[in-house]
Amino acid sequence: MVDAARHPKIDVRTYTQVERVEGFVGNFKVQLREKARYVIADRCNGCGDCAKVCPIEVPNRFELDLAPRKAAYVAMSQSVPLLYTIDQEACIHCYKCVEACGALDAIDFSQEDKIVWEDIGAIVVATGFNHFDPSVIPEYGYNQYPNVITAMEMERLNNSAGPTVGNLIRPSDGENPKRLAIINCVGSRDKRFNPWCSNFCCMYAIKNAVLLKQMYPEIELSIYYIDIRTPSKGYEEFYERAREMGIKFIQGRPSLITEDKKSHNLFVHSEDITLGLVTEYEYDMVMLNQAAVPQPDVDSVSSVLNIQQSPGGWFMEYHPKLRPLDTPTDGIFIAGACQGPKDIPASVASGSATASRAGRILHSDEWEIEPIIAQVWEDRCVSADGKKCGICAKACPYNAITVEVGTAAQVTTAKCHGCGGCVAECPHNAITQLHYTDAQILAQIRALLADKPEEKIFAFRCHWCSYGGADMAGTSHFEYSANERGVRVMCSARMDTDFIYEAYRLGAGAVLYSGCHPQDCHYITGQLVGASRAERLQKIFDKMGMSPGRFRIEWISAAEGQKYANVIDEMQQTIDEIGKEKLLAEIESMKPEMEKRARRMYEVPDVTDASDYSDKMKIAMTLEVVDIGK
Amino acid sequence: MSESPNPEELRIGVYVCHCGTNIAGVIPPDEVAEWASHLPGVVHAADTLYACADSGQTLIKNDIKKYNLNRVVVSACSVRMHEATFRGAVSEAGLNPFLMEMANIREQCTWAHGHDKEGALKKAKDLTAAAIAKARFLAPLEMITVPVTKRAMVIGGGVAGISTALDLADQGIETILVEKEPTIGGVMAQLNKTFPTMDCSI
């Protein structure tokens, strides 16, 4: 901690929050809110005279509310920076602190939050984890029985810097416990709360038991566990050592804790799988080893930094093996337990690893980004003919398009992130997206629907989420109907109405319009553009009398493999239920309308080529091995 | 904007990967390759045990020269897995990396349709054909280069964030370490001794 504060290249900004992130790899702009401490950082010398005279005491969150602190406070004596903060919610404005500070004059009640912008090349997110609150588990009596404490409370109670100076006492009577039980997997591996293993708690239980045994050799210690997990270096040996010290390990998850009202002693009811018995033992104190859970503000951090979440709310990596610390946004990385429960060695290792990932960028003078950007066909843009339009500029989440009547719309290359929203929104087909042109996507749609289209579930997927969800379905071997056919575009914003009409014109049995959840969008508001278009389409198809379920809108994250598989299977069921005869009749009857609606697209430069090629492709694909002379 | 090539000049090479048994355990890659070899614009199609392995990449690179290919389709795994690998391979053989297109016949086909081998084979063929169809309209593109601001930001001052900041700073990179609490240290600072060495946490 102190090393970081003293490092000449590190600028520690505490009591500061990230509010906005704009820009792209190598060129981020980050908005910070430096919260008012009401203490002038340059003047405060950390003497603590202000706290000494402060008459207000509130619970100290750092000490898990086991000890008080003043309204003028530092969290702990080793705080970095050692700089006092005045808690305005608790302060009664008696100004005794101002007086005590005297000539130093470090207290300033007129301070306000400061908003600052920083230019940044790469960002590492290491926002950590939170502890599960066991008071929601009715059978353990936390918050009802004074001598049931959490692991974090234990950390403070046996810590020489803690409120009891390391003397472990029972909250009910201040006595040292003689018999102590530690219960593992509290809120972890429990389908009612969190399905995951919290990774470090087994070792954490053993650590606390070993520490207590060293401090109080007479203490009787029992650890209740489902499995003891010790996969890292030196961990199994540490577990052995604990057993040799006489710590008792009971395999079983306690079903109930009861209390003797008079002594406040506790009875732990649990199966002992090794003995094959149901047991009930008496203890003076019980420690609940809480699960690690995501931070409560995980959703807002996700949306500010555009990071997707795995199930449960952990930040999701781009690829679990190949890019385990990258996010889908180039230049933004994740370290530590915000990604999933990690112990200290693993957190340090991931920190070093992300420093190396970020270093690749930060040691370069230039960085390459994909040229998947929008380009305007100037001769087709109505703005060039003096007409008012500007629809493309409205669809752009990055203000990358300038429209002035009299000239064609202009795309600023450096600002365009390549969602394709403007391309799909332009009513005159005057914009294209490099690498995802209308002709390219059309050629794919036509190839995929060349043979028996009525049997196909045609899925439009965005690169970052629903395509990733389909990958996740496969990686997890969640099987679904093989009649699914899909194309990938960068964002649901690119899913042009014309593509959907074309898929139906070709006779698709059903069409899925899928992308990210709104808060996950890689392009700020691209999904909103896609979603409102999809809803418009739904209304049109309803009006046309399309059978319900033949058009479906779903938002699927890259973590939701099961959802992707389920959606496809449900769509398969829908077309099965409609029945082939009715389906073919419906497709046939709607074909002219679909063709009429898709027609606009055929005017797009090079789409005519696509049609010629698609005809050839269809013949080649649907005939048994025939050489058509290419 | 680049001109779309004249169809007569199209020379597409198609590579269907076995991925060991990940793909070949469900569908016959050689049948997909043979089928694809008859599609318009395809001048050469082959199956390969591991397209991403050195041998697979060498095959593609040599074929680009041997058959004078101007498009490459790799029918294998997800773009999230190996798009960069194959872009690199074709680039080394002198082809613009954006003239390579992938069909995902592993994650989105054989791994998801192991129960329906016939359906998986049809889908693998369709996905390969769609990639070939897109390849027909691909145009060479150049990467965009952007300048880099040589400053890092680490969000969160717990043990992971502190480690990251120290390692970045030791590399000489100016680093801002942001923490929402009044002190850095995170959960680690609240701990007593830490396992398995029992040293103190701060």
# chains A, B, ... in the order shown; residues from 1 in each chain; ligands from 1
>>> closest_atom_pairs(of="chain B", to="chain A", cutoff="6 Å", atoms="only C-alpha atoms", output="JSON lines")
{"residue": "B:His38", "atom": "CA", "partner": "A:Asp627", "partner_atom": "CA", "distance": 5.8}
{"residue": "B:Leu39", "atom": "CA", "partner": "A:Ala620", "partner_atom": "CA", "distance": 5.6}
{"residue": "B:Pro40", "atom": "CA", "partner": "A:Lys630", "partner_atom": "CA", "distance": 4.8}
{"residue": "B:Gly41", "atom": "CA", "partner": "A:Lys630", "partner_atom": "CA", "distance": 5.9}
{"residue": "B:Glu107", "atom": "CA", "partner": "A:Gly474", "partner_atom": "CA", "distance": 4.3}
{"residue": "B:Gln108", "atom": "CA", "partner": "A:Gly474", "partner_atom": "CA", "distance": 5.6}
{"residue": "B:Trp111", "atom": "CA", "partner": "A:Gly474", "partner_atom": "CA", "distance": 4.8}
{"residue": "B:Ala112", "atom": "CA", "partner": "A:Glu479", "partner_atom": "CA", "distance": 4.5}
{"residue": "B:His113", "atom": "CA", "partner": "A:Glu479", "partner_atom": "CA", "distance": 5.6}
{"residue": "B:Gly119", "atom": "CA", "partner": "A:Ala482", "partner_atom": "CA", "distance": 5.3}
{"residue": "B:Ala120", "atom": "CA", "partner": "A:Ala482", "partner_atom": "CA", "distance": 5.9}
{"residue": "B:Asp126", "atom": "CA", "partner": "A:Leu448", "partner_atom": "CA", "distance": 5.4}
{"residue": "B:Ala130", "atom": "CA", "partner": "A:Gln444", "partner_atom": "CA", "distance": 4.4}
{"residue": "B:Ala133", "atom": "CA", "partner": "A:Ala443", "partner_atom": "CA", "distance": 5.3}
{"residue": "B:Lys134", "atom": "CA", "partner": "A:Gln440", "partner_atom": "CA", "distance": 4.7}
{"residue": "B:Phe137", "atom": "CA", "partner": "A:Gln440", "partner_atom": "CA", "distance": 5.5}
{"residue": "B:Met143", "atom": "CA", "partner": "A:Glu370", "partner_atom": "CA", "distance": 5.3}
{"residue": "B:Ile144", "atom": "CA", "partner": "A:Ile369", "partner_atom": "CA", "distance": 5.2}
{"residue": "B:Thr145", "atom": "CA", "partner": "A:Glu368", "partner_atom": "CA", "distance": 4.4}
{"residue": "B:Val146", "atom": "CA", "partner": "A:Trp367", "partner_atom": "CA", "distance": 5.4}
{"residue": "B:Pro147", "atom": "CA", "partner": "A:Glu366", "partner_atom": "CA", "distance": 4.5}
{"residue": "B:Val148", "atom": "CA", "partner": "A:Gly26", "partner_atom": "CA", "distance": 4.1}
{"residue": "B:Thr149", "atom": "CA", "partner": "A:Gly121", "partner_atom": "CA", "distance": 4.5}
{"residue": "B:Lys150", "atom": "CA", "partner": "A:Leu362", "partner_atom": "CA", "distance": 5.0}
{"residue": "B:Arg151", "atom": "CA", "partner": "A:Ile120", "partner_atom": "CA", "distance": 5.1}
{"residue": "B:Ala152", "atom": "CA", "partner": "A:Ala122", "partner_atom": "CA", "distance": 5.1}
{"residue": "B:Met153", "atom": "CA", "partner": "A:Ile123", "partner_atom": "CA", "distance": 4.9}
{"residue": "B:Val154", "atom": "CA", "partner": "A:Val124", "partner_atom": "CA", "distance": 4.7}
{"residue": "B:Ile155", "atom": "CA", "partner": "A:Val125", "partner_atom": "CA", "distance": 4.9}
{"residue": "B:Gly156", "atom": "CA", "partner": "A:Thr127", "partner_atom": "CA", "distance": 4.5}
{"residue": "B:Ala160", "atom": "CA", "partner": "A:Gly351", "partner_atom": "CA", "distance": 4.8}
{"residue": "B:Gly161", "atom": "CA", "partner": "A:Ala126", "partner_atom": "CA", "distance": 5.2}
{"residue": "B:Ser163", "atom": "CA", "partner": "A:Gly351", "partner_atom": "CA", "distance": 5.2}
{"residue": "B:Thr164", "atom": "CA", "partner": "A:Gly351", "partner_atom": "CA", "distance": 4.3}
{"residue": "B:Asp167", "atom": "CA", "partner": "A:Ala355", "partner_atom": "CA", "distance": 5.9}
{"residue": "B:Leu168", "atom": "CA", "partner": "A:Ala355", "partner_atom": "CA", "distance": 5.3}
{"residue": "B:Ala169", "atom": "CA", "partner": "A:Lys9", "partner_atom": "CA", "distance": 5.3}
{"residue": "B:Glu174", "atom": "CA", "partner": "A:Lys9", "partner_atom": "CA", "distance": 4.8}
{"residue": "B:Thr175", "atom": "CA", "partner": "A:Ile10", "partner_atom": "CA", "distance": 4.9}
{"residue": "B:Ile176", "atom": "CA", "partner": "A:Asp11", "partner_atom": "CA", "distance": 4.7}
{"residue": "B:Leu177", "atom": "CA", "partner": "A:Val12", "partner_atom": "CA", "distance": 4.8}
{"residue": "B:Val178", "atom": "CA", "partner": "A:Arg13", "partner_atom": "CA", "distance": 4.8}
{"residue": "B:Glu179", "atom": "CA", "partner": "A:Thr14", "partner_atom": "CA", "distance": 4.6}
{"residue": "B:Lys180", "atom": "CA", "partner": "A:Tyr15", "partner_atom": "CA", "distance": 4.4}
{"residue": "B:Glu181", "atom": "CA", "partner": "A:Tyr15", "partner_atom": "CA", "distance": 4.7}
{"residue": "B:Pro182", "atom": "CA", "partner": "A:Tyr15", "partner_atom": "CA", "distance": 4.6}
{"residue": "B:Thr183", "atom": "CA", "partner": "A:Val80", "partner_atom": "CA", "distance": 5.1}
{"residue": "B:Ile184", "atom": "CA", "partner": "A:Val80", "partner_atom": "CA", "distance": 5.8}
{"residue": "B:Leu191", "atom": "CA", "partner": "A:Glu155", "partner_atom": "CA", "distance": 5.4}
{"residue": "B:Asn192", "atom": "CA", "partner": "A:Asn159", "partner_atom": "CA", "distance": 5.2}
{"residue": "B:Phe195", "atom": "CA", "partner": "A:Lys207", "partner_atom": "CA", "distance": 5.9}
>>> write_last_selection(atoms="C-alpha atoms", output="PDB file, in the first residue's frame")
ATOM      1  CA  HIS B  38     -18.045 -27.146 -56.481  1.00  0.00           C
ATOM      2  CA  LEU B  39     -19.388 -23.825 -55.265  1.00  0.00           C
ATOM      3  CA  PRO B  40     -18.987 -20.743 -57.447  1.00  0.00           C
ATOM      4  CA  GLY B  41     -15.628 -19.058 -57.118  1.00  0.00           C
ATOM      5  CA  GLU B 107     -18.977 -23.975 -31.340  1.00  0.00           C
ATOM      6  CA  GLN B 108     -22.063 -23.272 -33.430  1.00  0.00           C
ATOM      7  CA  TRP B 111     -20.514 -28.929 -30.396  1.00  0.00           C
ATOM      8  CA  ALA B 112     -24.167 -27.902 -30.390  1.00  0.00           C
ATOM      9  CA  HIS B 113     -25.629 -30.635 -32.601  1.00  0.00           C
ATOM     10  CA  GLY B 119     -28.480 -31.973 -39.380  1.00  0.00           C
ATOM     11  CA  ALA B 120     -24.986 -30.902 -38.311  1.00  0.00           C
ATOM     12  CA  ASP B 126     -24.540 -24.132 -45.315  1.00  0.00           C
ATOM     13  CA  ALA B 130     -22.337 -18.605 -46.502  1.00  0.00           C
ATOM     14  CA  ALA B 133     -20.645 -16.151 -50.362  1.00  0.00           C
ATOM     15  CA  LYS B 134     -19.446 -13.401 -48.042  1.00  0.00           C
ATOM     16  CA  PHE B 137     -17.787  -9.703 -51.701  1.00  0.00           C
ATOM     17  CA  MET B 143      -6.094  -1.233 -40.242  1.00  0.00           C
ATOM     18  CA  ILE B 144      -6.603   2.229 -38.784  1.00  0.00           C
ATOM     19  CA  THR B 145      -3.744   3.408 -36.605  1.00  0.00           C
ATOM     20  CA  VAL B 146      -4.435   5.648 -33.646  1.00  0.00           C
ATOM     21  CA  PRO B 147      -2.027   7.426 -31.317  1.00  0.00           C
ATOM     22  CA  VAL B 148      -1.618   6.154 -27.755  1.00  0.00           C
ATOM     23  CA  THR B 149      -1.794   8.271 -24.603  1.00  0.00           C
ATOM     24  CA  LYS B 150       0.853   6.699 -22.412  1.00  0.00           C
ATOM     25  CA  ARG B 151      -1.038   6.869 -19.164  1.00  0.00           C
ATOM     26  CA  ALA B 152      -2.875   4.109 -17.349  1.00  0.00           C
ATOM     27  CA  MET B 153      -5.802   4.181 -14.980  1.00  0.00           C
ATOM     28  CA  VAL B 154      -6.408   1.457 -12.429  1.00  0.00           C
ATOM     29  CA  ILE B 155      -9.892   1.472 -10.914  1.00  0.00           C
ATOM     30  CA  GLY B 156      -9.951  -0.062  -7.458  1.00  0.00           C
ATOM     31  CA  ALA B 160      -5.210  -6.539  -7.366  1.00  0.00           C
ATOM     32  CA  GLY B 161      -5.356  -2.850  -8.232  1.00  0.00           C
ATOM     33  CA  SER B 163      -0.323  -4.832  -7.836  1.00  0.00           C
ATOM     34  CA  THR B 164      -1.402  -3.663 -11.260  1.00  0.00           C
ATOM     35  CA  ASP B 167       3.756  -3.177 -12.096  1.00  0.00           C
ATOM     36  CA  LEU B 168       2.633  -0.545 -14.578  1.00  0.00           C
ATOM     37  CA  ALA B 169       4.535   2.182 -12.750  1.00  0.00           C
ATOM     38  CA  GLU B 174       2.356   7.041 -15.400  1.00  0.00           C
ATOM     39  CA  THR B 175      -0.577   5.474 -13.541  1.00  0.00           C
ATOM     40  CA  ILE B 176      -3.612   6.906 -11.783  1.00  0.00           C
ATOM     41  CA  LEU B 177      -4.924   4.603  -9.063  1.00  0.00           C
ATOM     42  CA  VAL B 178      -8.553   5.431  -8.314  1.00  0.00           C
ATOM     43  CA  GLU B 179     -10.244   4.272  -5.097  1.00  0.00           C
ATOM     44  CA  LYS B 180     -13.728   5.234  -4.004  1.00  0.00           C
ATOM     45  CA  GLU B 181     -12.998   4.781  -0.277  1.00  0.00           C
ATOM     46  CA  PRO B 182     -10.853   7.272   1.654  1.00  0.00           C
ATOM     47  CA  THR B 183      -7.972   4.753   1.804  1.00  0.00           C
ATOM     48  CA  ILE B 184      -6.532   2.157  -0.531  1.00  0.00           C
ATOM     49  CA  LEU B 191      -7.348  -9.086   7.098  1.00  0.00           C
ATOM     50  CA  ASN B 192      -5.143 -10.357   9.848  1.00  0.00           C
ATOM     51  CA  PHE B 195      -2.383 -18.070   4.169  1.00  0.00           C
TER      52      PHE B 195
END
>>> residues_around(residues="Arg11 in chain B", least_positions_apart="2", cutoff="6 Å", atoms="only C-alpha atoms", output="VMD selection string")
chain B and resid 41 to 43 69 to 70
>>> residues_around(residues="Ala106 in chain A", least_positions_apart="5", cutoff="6 Å", atoms="only C-alpha atoms", output="list in words")
Val39, Ile40, Arg43 and Cys44 of chain A
>>> select_by_dssp(residues="range 216-455 of chain A", states="strand (DSSP E)", output="ChimeraX atom specification")
/A:220-225,248-251,256-259,266-272,277-283,285-290,292-294,332-334,366-369,374-376,401-402,410-411,431-433
>>> select_by_dssp(residues="range 170-366 of chain A", states="alpha helix (DSSP H)", output="PyMOL selection string")
chain A and resi 201-215+235-244+298-305+344-362
>>> atom_distance(atom1="CA of Gly313 in chain A", atom2="CA of Asp299 in chain A")
7.9 Å
>>> residues_around(residues="Ala45 in chain B", least_positions_apart="5", cutoff="10 Å", atoms="only C-alpha atoms", output="list in words")
Ile12, Gly13, Val14, Tyr15, Val16, Asp30, Val32, Ala33, Glu34, Trp35, Ala36, Ser37, His38, Leu39, Asp63, Val72, Val73 and Val74 of chain B
